[in-house]
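So this block is work.csv, CSV, C-alpha atoms:
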```
chain,number,residue,atom,x,y,z
K,1,MET,CA,239.5,-50.2,305.8
K,2,SER,CA,236.2,-51.9,305.1
K,3,ASN,CA,234.7,-48.6,303.8
K,4,GLY,CA,237.6,-48.2,301.3
K,5,THR,CA,237.2,-51.8,300.2
K,6,GLU,CA,233.4,-51.4,299.7
K,7,GLY,CA,234.0,-48.1,297.8
K,8,GLY,CA,236.5,-49.8,295.5
K,9,ALA,CA,234.1,-52.7,295.0
K,10,GLY,CA,231.3,-50.3,294.3
K,11,ALA,CA,233.4,-48.5,291.7
K,12,LEU,CA,234.1,-51.8,290.0
K,13,VAL,CA,230.4,-52.6,289.9
K,14,VAL,CA,229.7,-49.3,288.2
K,15,GLU,CA,232.4,-49.8,285.7
K,16,GLU,CA,231.1,-53.2,284.9
K,17,LEU,CA,227.6,-51.8,284.4
K,18,GLN,CA,228.9,-49.1,282.1
K,19,ARG,CA,230.6,-51.8,280.1
K,20,LEU,CA,227.5,-53.9,279.9
K,21,ALA,CA,225.5,-50.8,278.9
K,22,LEU,CA,227.9,-50.0,276.1
K,23,GLU,CA,227.7,-53.6,274.8
K,24,ALA,CA,223.9,-53.5,274.8
K,25,LEU,CA,224.0,-50.3,272.8
K,26,GLU,CA,226.3,-51.8,270.3
K,27,ARG,CA,223.8,-54.6,269.9
K,28,GLY,CA,221.0,-52.0,269.5
K,29,ASP,CA,219.4,-53.2,272.8
K,30,ARG,CA,218.4,-49.8,274.2
K,31,ASP,CA,216.3,-51.2,277.0
K,32,THR,CA,219.0,-53.3,278.5
K,33,ALA,CA,221.5,-50.4,278.2
K,34,ARG,CA,219.1,-48.2,280.1
K,35,ARG,CA,218.6,-50.8,282.8
K,36,HIS,CA,222.4,-51.1,283.3
K,37,LEU,CA,222.9,-47.3,283.4
K,38,CYS,CA,220.0,-46.9,285.9
K,39,GLN,CA,221.6,-49.6,288.1
K,40,GLY,CA,224.9,-47.8,287.9
K,41,ILE,CA,223.3,-44.5,289.0
K,42,ASP,CA,221.6,-46.3,291.9
K,43,ALA,CA,224.9,-47.9,292.9
K,44,LEU,CA,226.5,-44.5,293.1
K,45,LYS,CA,224.1,-43.2,295.7
K,46,GLY,CA,225.9,-42.0,298.7
K,47,SER,CA,229.3,-42.4,297.1
K,48,GLY,CA,229.7,-38.7,296.3
K,49,ASP,CA,231.1,-39.5,292.8
K,50,ARG,CA,229.3,-36.7,291.0
K,51,LEU,CA,231.5,-36.9,287.9
K,52,LYS,CA,230.7,-40.6,287.4
K,53,GLU,CA,227.0,-39.9,288.0
K,54,ALA,CA,227.1,-37.2,285.4
K,55,GLU,CA,228.7,-39.5,282.9
K,56,LEU,CA,226.0,-42.2,283.5
K,57,ARG,CA,223.2,-39.7,283.3
K,58,PHE,CA,224.6,-38.2,280.1
K,59,ALA,CA,224.8,-41.7,278.5
K,60,LEU,CA,221.2,-42.4,279.7
K,61,GLY,CA,220.0,-39.2,278.2
K,62,LEU,CA,221.4,-40.1,274.9
K,63,THR,CA,219.5,-43.4,274.8
K,64,HIS,CA,216.3,-41.4,275.0
K,65,LEU,CA,217.3,-38.4,272.8
K,66,ARG,CA,216.2,-39.4,269.3
K,67,VAL,CA,213.4,-41.7,270.3
K,68,GLU,CA,209.9,-40.4,269.5
K,69,GLY,CA,208.0,-39.5,272.7
K,70,GLU,CA,211.1,-39.7,275.0
K,71,ARG,CA,212.5,-36.2,274.4
K,72,GLY,CA,211.4,-35.1,277.9
K,73,THR,CA,213.2,-37.9,279.6
K,74,ALA,CA,216.3,-37.1,277.6
K,75,PHE,CA,216.1,-33.5,278.5
K,76,ASP,CA,215.7,-34.3,282.2
K,77,GLN,CA,218.7,-36.7,282.3
K,78,LEU,CA,221.0,-34.4,280.2
K,79,SER,CA,220.2,-31.4,282.3
K,80,GLN,CA,220.9,-33.3,285.5
K,81,ALA,CA,224.2,-34.4,284.0
K,82,ALA,CA,225.0,-30.8,283.0
K,83,ARG,CA,224.5,-29.6,286.5
K,84,LEU,CA,226.6,-32.3,288.0
K,85,ALA,CA,229.4,-31.6,285.4
K,86,LEU,CA,229.2,-27.9,286.5
K,87,ASP,CA,229.6,-28.9,290.1
K,88,VAL,CA,232.8,-30.8,289.5
K,89,HIS,CA,234.1,-28.3,287.0
K,90,SER,CA,234.2,-30.7,284.0
K,91,GLU,CA,234.0,-28.3,281.1
K,92,THR,CA,234.3,-31.0,278.5
K,93,LEU,CA,231.4,-33.1,279.8
K,94,PHE,CA,229.3,-30.0,280.5
K,95,LEU,CA,229.6,-28.8,276.9
K,96,LYS,CA,228.8,-32.2,275.6
K,97,CYS,CA,225.6,-32.2,277.7
K,98,LEU,CA,224.7,-28.7,276.5
K,99,ARG,CA,225.3,-29.7,272.9
K,100,TYR,CA,222.7,-32.5,273.1
K,101,LEU,CA,220.4,-30.6,275.3
K,102,SER,CA,220.0,-28.2,272.5
K,103,GLU,CA,218.5,-31.0,270.4
K,104,ALA,CA,216.1,-32.0,273.2
K,105,VAL,CA,214.3,-28.6,273.8
K,106,SER,CA,210.6,-28.8,273.3
K,107,SER,CA,209.3,-25.7,275.1
K,108,ASP,CA,210.2,-22.2,276.1
K,109,GLN,CA,210.9,-23.5,279.6
K,110,ASP,CA,213.4,-26.0,278.2
K,111,LEU,CA,215.1,-23.2,276.4
K,112,SER,CA,215.3,-21.2,279.6
K,113,VAL,CA,217.0,-24.1,281.3
K,114,VAL,CA,219.6,-24.3,278.5
K,115,MET,CA,220.2,-20.5,278.7
K,116,ASP,CA,220.5,-20.6,282.5
K,117,LEU,CA,223.0,-23.4,282.4
K,118,ALA,CA,225.1,-21.7,279.8
K,119,GLY,CA,224.9,-18.4,281.7
K,120,ARG,CA,226.0,-20.0,285.0
K,121,ALA,CA,229.0,-21.8,283.7
K,122,SER,CA,232.5,-20.6,284.3
K,123,LEU,CA,234.1,-21.6,281.0
K,124,SER,CA,237.2,-20.9,278.9
K,125,LYS,CA,236.9,-18.5,276.0
K,126,GLU,CA,236.4,-21.4,273.6
K,127,GLY,CA,234.0,-23.0,276.0
K,128,HIS,CA,231.9,-19.8,276.1
K,129,GLN,CA,231.8,-19.8,272.3
K,130,ASP,CA,230.6,-23.4,272.3
K,131,ALA,CA,228.0,-22.6,275.0
K,132,GLU,CA,226.7,-19.7,272.9
K,133,GLN,CA,226.4,-21.9,269.9
K,134,ALA,CA,224.5,-24.5,271.9
K,135,VAL,CA,222.0,-21.8,273.0
K,136,ALA,CA,221.6,-20.6,269.4
K,137,MET,CA,221.1,-24.2,268.3
K,138,ALA,CA,218.4,-24.7,271.0
K,139,ARG,CA,216.6,-21.6,269.7
K,140,LEU,CA,216.7,-23.0,266.2
K,141,VAL,CA,215.5,-26.4,267.2
K,142,LEU,CA,212.7,-25.0,269.3
K,143,GLY,CA,211.7,-22.8,266.3
K,144,ILE,CA,211.6,-25.8,264.0
K,145,ARG,CA,209.4,-27.7,266.4
K,146,GLN,CA,207.1,-24.7,267.0
K,147,GLY,CA,206.9,-23.6,263.4
K,148,PRO,CA,208.5,-20.8,261.3
K,149,LYS,CA,206.4,-18.1,263.0
K,150,ARG,CA,208.6,-18.5,266.0
K,151,LEU,CA,211.9,-18.1,264.2
K,152,ASP,CA,213.5,-14.7,263.6
K,153,PRO,CA,215.4,-14.1,260.3
K,154,ALA,CA,218.9,-14.2,262.0
K,155,VAL,CA,218.1,-17.6,263.4
K,156,LEU,CA,216.7,-18.8,260.1
K,157,GLU,CA,220.0,-18.2,258.4
K,158,GLY,CA,221.6,-20.7,260.8
K,159,LEU,CA,219.9,-23.4,258.9
K,160,THR,CA,222.1,-22.8,255.9
K,161,SER,CA,225.2,-23.1,258.0
K,162,GLY,CA,226.9,-26.4,257.0
K,163,GLU,CA,227.6,-27.6,260.5
K,164,VAL,CA,224.2,-26.7,261.9
K,165,ALA,CA,222.3,-28.2,258.9
K,166,GLN,CA,224.3,-31.4,259.1
K,167,ARG,CA,223.5,-31.9,262.8
K,168,LEU,CA,219.8,-31.3,262.2
K,169,LEU,CA,219.8,-33.7,259.3
K,170,GLU,CA,221.7,-36.4,261.3
K,171,SER,CA,219.4,-36.0,264.3
K,172,GLY,CA,216.3,-36.5,262.2
K,173,LEU,CA,215.0,-33.0,263.0
K,174,LEU,CA,215.0,-32.2,259.3
K,175,PRO,CA,213.9,-34.5,256.5
K,176,GLU,CA,216.4,-35.3,253.7
K,177,SER,CA,214.9,-32.7,251.4
K,178,TYR,CA,216.6,-30.1,253.5
K,179,SER,CA,219.9,-31.4,252.4
K,180,HIS,CA,219.7,-28.9,249.5
K,181,LEU,CA,220.1,-26.1,252.1
K,182,LEU,CA,223.3,-27.8,253.4
K,183,ALA,CA,224.7,-28.1,249.9
K,184,ALA,CA,223.8,-24.5,249.2
K,185,GLY,CA,225.5,-23.3,252.4
K,186,GLN,CA,228.6,-25.3,251.5
K,187,ALA,CA,228.8,-24.0,248.0
K,188,GLU,CA,228.3,-20.4,249.3
K,189,ALA,CA,231.1,-20.9,251.8
K,190,ARG,CA,233.4,-21.9,248.9
K,191,GLY,CA,232.4,-18.8,246.9
K,192,ASP,CA,230.5,-20.8,244.3
K,193,LEU,CA,227.4,-18.7,244.3
K,194,ALA,CA,226.0,-20.2,241.0
K,195,LEU,CA,226.0,-23.7,242.5
K,196,ALA,CA,224.7,-22.3,245.8
K,197,GLU,CA,221.7,-20.7,244.1
K,198,ARG,CA,221.0,-23.9,242.1
K,199,GLU,CA,220.9,-26.0,245.3
K,200,ALA,CA,218.7,-23.4,247.1
K,201,GLU,CA,216.4,-23.4,244.1
K,202,ALA,CA,216.3,-27.2,244.3
K,203,GLY,CA,215.3,-26.9,247.9
K,204,ARG,CA,212.5,-24.5,246.9
K,205,LYS,CA,211.2,-26.9,244.3
K,206,ALA,CA,211.3,-29.8,246.8
K,207,ALA,CA,209.3,-27.6,249.2
K,208,LEU,CA,206.7,-27.0,246.5
K,209,ASP,CA,206.4,-30.7,245.8
K,210,ALA,CA,206.1,-31.6,249.5
K,211,VAL,CA,203.9,-28.5,250.3
K,212,ASP,CA,206.5,-27.7,253.0
K,213,PRO,CA,206.1,-24.0,253.8
K,214,PHE,CA,209.0,-24.0,256.3
K,215,LEU,CA,211.5,-25.4,253.7
K,216,TYR,CA,210.0,-23.0,251.1
K,217,ILE,CA,210.7,-19.9,253.3
K,218,LEU,CA,214.2,-21.1,254.2
K,219,SER,CA,215.0,-21.8,250.5
K,220,CYS,CA,213.7,-18.5,249.3
K,221,GLY,CA,215.7,-16.8,252.1
K,222,ALA,CA,218.8,-18.6,251.0
K,223,ILE,CA,218.3,-17.6,247.4
K,224,ALA,CA,217.8,-14.0,248.4
K,225,ARG,CA,220.9,-13.9,250.4
K,226,ILE,CA,223.0,-15.6,247.7
K,227,ARG,CA,221.6,-13.2,245.0
K,228,ASP,CA,222.4,-10.2,247.3
K,229,GLU,CA,225.9,-11.5,247.8
K,230,ALA,CA,226.2,-11.8,244.0
K,231,GLY,CA,225.1,-8.2,243.6
K,232,ASP,CA,221.6,-9.0,242.2
K,233,ARG,CA,219.5,-6.9,244.6
K,234,VAL,CA,216.5,-6.9,242.3
K,235,GLY,CA,216.6,-10.7,242.2
K,236,ALA,CA,216.9,-10.9,245.9
K,237,LEU,CA,213.7,-8.7,246.4
K,238,THR,CA,211.9,-10.7,243.6
K,239,ILE,CA,212.3,-14.1,245.3
K,240,LEU,CA,211.2,-12.7,248.7
K,241,PHE,CA,208.1,-11.0,247.3
K,242,THR,CA,207.3,-14.2,245.4
K,243,CYS,CA,207.7,-16.1,248.7
K,244,ARG,CA,205.5,-13.8,250.6
K,245,ALA,CA,202.7,-14.0,248.1
K,246,SER,CA,202.9,-17.8,248.0
K,247,ILE,CA,202.9,-18.2,251.8
K,248,GLU,CA,200.0,-15.7,252.2
K,249,ASP,CA,198.0,-17.6,249.6
K,250,LEU,CA,198.7,-20.9,251.4
K,251,LEU,CA,198.5,-20.0,255.1
K,252,GLY,CA,197.4,-16.4,255.3
K,253,PRO,CA,199.2,-13.1,256.0
K,254,VAL,CA,200.2,-13.9,259.5
K,255,ALA,CA,202.3,-16.8,258.3
K,256,ALA,CA,204.3,-14.6,256.1
K,257,VAL,CA,205.7,-12.4,258.9
K,258,GLN,CA,209.1,-14.0,258.7
K,259,VAL,CA,209.4,-13.2,255.0
K,260,VAL,CA,208.3,-9.6,255.7
K,261,GLN,CA,211.1,-9.4,258.3
K,262,MET,CA,213.6,-10.7,255.7
K,263,ILE,CA,212.5,-7.9,253.3
K,264,ASP,CA,212.8,-5.4,256.1
K,265,ALA,CA,216.3,-6.7,257.0
K,266,LEU,CA,217.4,-6.0,253.4
K,267,GLU,CA,216.2,-2.4,253.8
K,268,GLY,CA,218.2,-2.2,257.0
K,269,LYS,CA,221.3,-3.6,255.3
K,270,TRP,CA,221.1,-1.6,252.1
K,271,GLY,CA,219.8,1.7,253.5
K,272,HIS,CA,216.5,3.3,252.7
K,273,LYS,CA,217.7,5.1,249.5
K,274,VAL,CA,219.2,2.0,247.9
K,275,PHE,CA,216.2,-0.1,249.0
K,276,SER,CA,213.7,2.3,247.4
K,277,GLU,CA,215.7,2.4,244.2
K,278,THR,CA,215.8,-1.4,244.1
K,279,LEU,CA,212.1,-1.6,244.8
K,280,ALA,CA,211.4,0.8,242.0
K,281,GLN,CA,213.4,-1.4,239.6
K,282,TYR,CA,211.5,-4.5,240.8
K,283,ARG,CA,208.2,-2.8,240.1
K,284,ARG,CA,209.3,-1.6,236.6
K,285,GLN,CA,209.7,-5.3,235.6
K,286,PHE,CA,205.9,-5.6,235.7
K,287,GLU,CA,205.2,-2.3,234.0
K,288,GLU,CA,207.3,-3.4,231.1
K,289,VAL,CA,205.4,-6.7,230.6
```
For the structure just supplied, provide its representation as structure tokens.
Amino acid sequence: MSNGTEGGAGALVVEELQRLALEALERGDRDTARRHLCQGIDALKGSGDRLKEAELRFALGLTHLRVEGERGTAFDQLSQAARLALDVHSETLFLKCLRYLSEAVSSDQDLSVVMDLAGRASLSKEGHQDAEQAVAMARLVLGIRQGPKRLDPAVLEGLTSGEVAQRLLESGLLPESYSHLLAAGQAEARGDLALAEREAEAGRKAALDAVDPFLYILSCGAIARIRDEAGDRVGALTILFTCRASIEDLLGPVAAVQVVQMIDALEGKWGHKVFSETLAQYRRQFEEV
């Protein structure tokens, strides 16, 4: 009887600590919130309540997530929470952990952890889709942190996805100037290609003003994709060749590898014959000048 009473009392203590942590966060007192959450985790030792521990570690991880210099701590807490959520078959909590883990990746090792967690999970069909999106997001975030050389063209296109761009902007991973990419993606999704190209061009100009080669590559890639969708193949090639020349002048040929891959991707999409004909049209522009 005493064990049951003690267990109930312990649960009440943990609930109270959770409440105090939430109140502290609402006041913006992150340190106090962390202290209460850590006390709650300590109070759970030996209780076997892995779901509650997962919830507390998830909350603790979030308090570190968007604080400069604390990303590693966030990743550690969120990954522990994800494993605990897997153990108790809480798909909802696991996917929440995975979602925020994708923002915390800082190394190839972190990415491997996210991929391993997603691969080990026994999820519903919708859950598998969410897990795959989290892995894709983790790749994108890591590429942003490591620089455009580490991003492949397919992943780069994810930055003009409205939901992805919005998350990255909200999390502070991308500066406000990248909002043009979000607006371009939203306009493109509505079928307003003229507005989409104007927004992407605004992003390109913002990149030139800020000397931001990453935003420049992304904006040029978006312009090329929009022009291709509108049937302007020569225009798509033109912006990519301009982008390649600019990046090579600024950073050297190696830095332009992503742009070269975008050009190669167009050849793969159009076929060699159409690509060659379009390239010839592109070159004739300069012969006529």
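Taking atom CA of Glu132 of chain K as the reference point, atom CA of Ala118 of chain K is found at 7.4 Å.
Our summary of the geometry notes that atom CA of Arg34 of chain K is positioned 27.6 Å from atom CA of Ala131 of chain K.
Ranking K:Gln39, K:Ser219, K:Ser112, K:Thr242 by their shortest atom-to-atom distance to Ser179 of chain K, with only C-alpha atoms included, puts K:Ser219 first.
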*Counting all atoms listed in the file, what is within 9 Å of Val88 of chain K, bar same-chain residues fewer than 5 positions away, as a PyMOL selection string?*
chain K and resi 50-51+83
Could you dump the residues just selected with C-alpha atoms as a short mmCIF file (atom, residue, chain, number, x, y, z; two decimals), in the coordinates of the input?
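Written out: selection_16.cif:
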```
data_model
loop_
_atom_site.label_atom_id
_atom_site.label_comp_id
_atom_site.auth_asym_id
_atom_site.auth_seq_id
_atom_site.Cartn_x
_atom_site.Cartn_y
_atom_site.Cartn_z
CA ARG K 50 229.30 -36.70 291.00
CA LEU K 51 231.50 -36.90 287.90
CA ARG K 83 224.50 -29.60 286.50
#
```
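Atom pair atom CA of Thr238 of chain K / atom CA of Ser177 of chain K: separated by 23.5 Å.
By chain and then residue number, the residues within 9 Å of Tyr100 of chain K are Gly61, Leu62, Leu65, Phe75, Leu78 and Ala134 of chain K, counting all atoms listed in the file and disregarding those fewer than 6 positions away in sequence.
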Could you write out the selected residues, including C-alpha atoms, as a PDB file, in the coordinates of the input?
```pdb
ATOM      1  CA  GLY K  61     220.000 -39.200 278.200  1.00  0.00           C
ATOM      2  CA  LEU K  62     221.400 -40.100 274.900  1.00  0.00           C
ATOM      3  CA  LEU K  65     217.300 -38.400 272.800  1.00  0.00           C
ATOM      4  CA  PHE K  75     216.100 -33.500 278.500  1.00  0.00           C
ATOM      5  CA  LEU K  78     221.000 -34.400 280.200  1.00  0.00           C
ATOM      6  CA  ALA K 134     224.500 -24.500 271.900  1.00  0.00           C
TER       7      ALA K 134
END
```
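Distances here use all atoms listed in the file; by that measure, the residue among K:Leu60, K:Ala236, K:Leu279, K:Leu98 closest to Val114 of chain K is K:Leu98.
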_I need the residue nearest Leu12 of chain K from this list: K:Cys220, K:Leu44, K:Ser90, K:Leu123. Use all atoms listed in the file for the distance._
K:Leu44
*Near Ala183 of chain K, counting all atoms listed in the file, which residues have an atom at most 8 Å away, once you skip same-chain residues fewer than 3 positions from it, shown as a ChimeraX atom specification?*
/K:162,179-180,186-187,196,199
_Close residues, His89 of chain K itself excluded, 10 Å, only C-alpha atoms, min 3 positions apart in chain, as a list of chain:residue names_ = K:Leu51, K:Arg83, K:Leu84, K:Ala85, K:Leu86, K:Thr92, K:Leu93, K:Phe94, K:Ala121, K:Ser122, K:Leu123
_Contacts of Val14 of chain K within 6 Å, all atoms listed in the file, excl. fewer than 3 positions in-chain, as a PyMOL selection string_ = chain K and resi 11+17+40
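Considering the residues K:Leu195, K:Ala189, K:Ile247, K:Val67 and counting all atoms listed in the file, Ala207 of chain K has its shortest atom-to-atom contact with K:Ile247.
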Any chance you could work out the axis-aligned box around segment 189-198 of chain K, listed atoms only, 3 Å on each side, giving centre and edge lengths in Å to one decimal, as AutoDock Vina command-line options?
```
--center_x 227.2 --center_y -21.3 --center_z 246.4 --size_x 18.4 --size_y 11.2 --size_z 16.8
```
_Point (228.0, -46.1, 290.1) neighbourhood (10 Å, all atoms listed in the file) written as a PyMOL selection string_ = chain K and resi 7+10-18+37-50+52-53+55-56
*Proximity to Gln146 of chain K - best of K:Ile263, K:Leu169, K:Val105, K:Ala59, all atoms listed in the file*: K:Val105
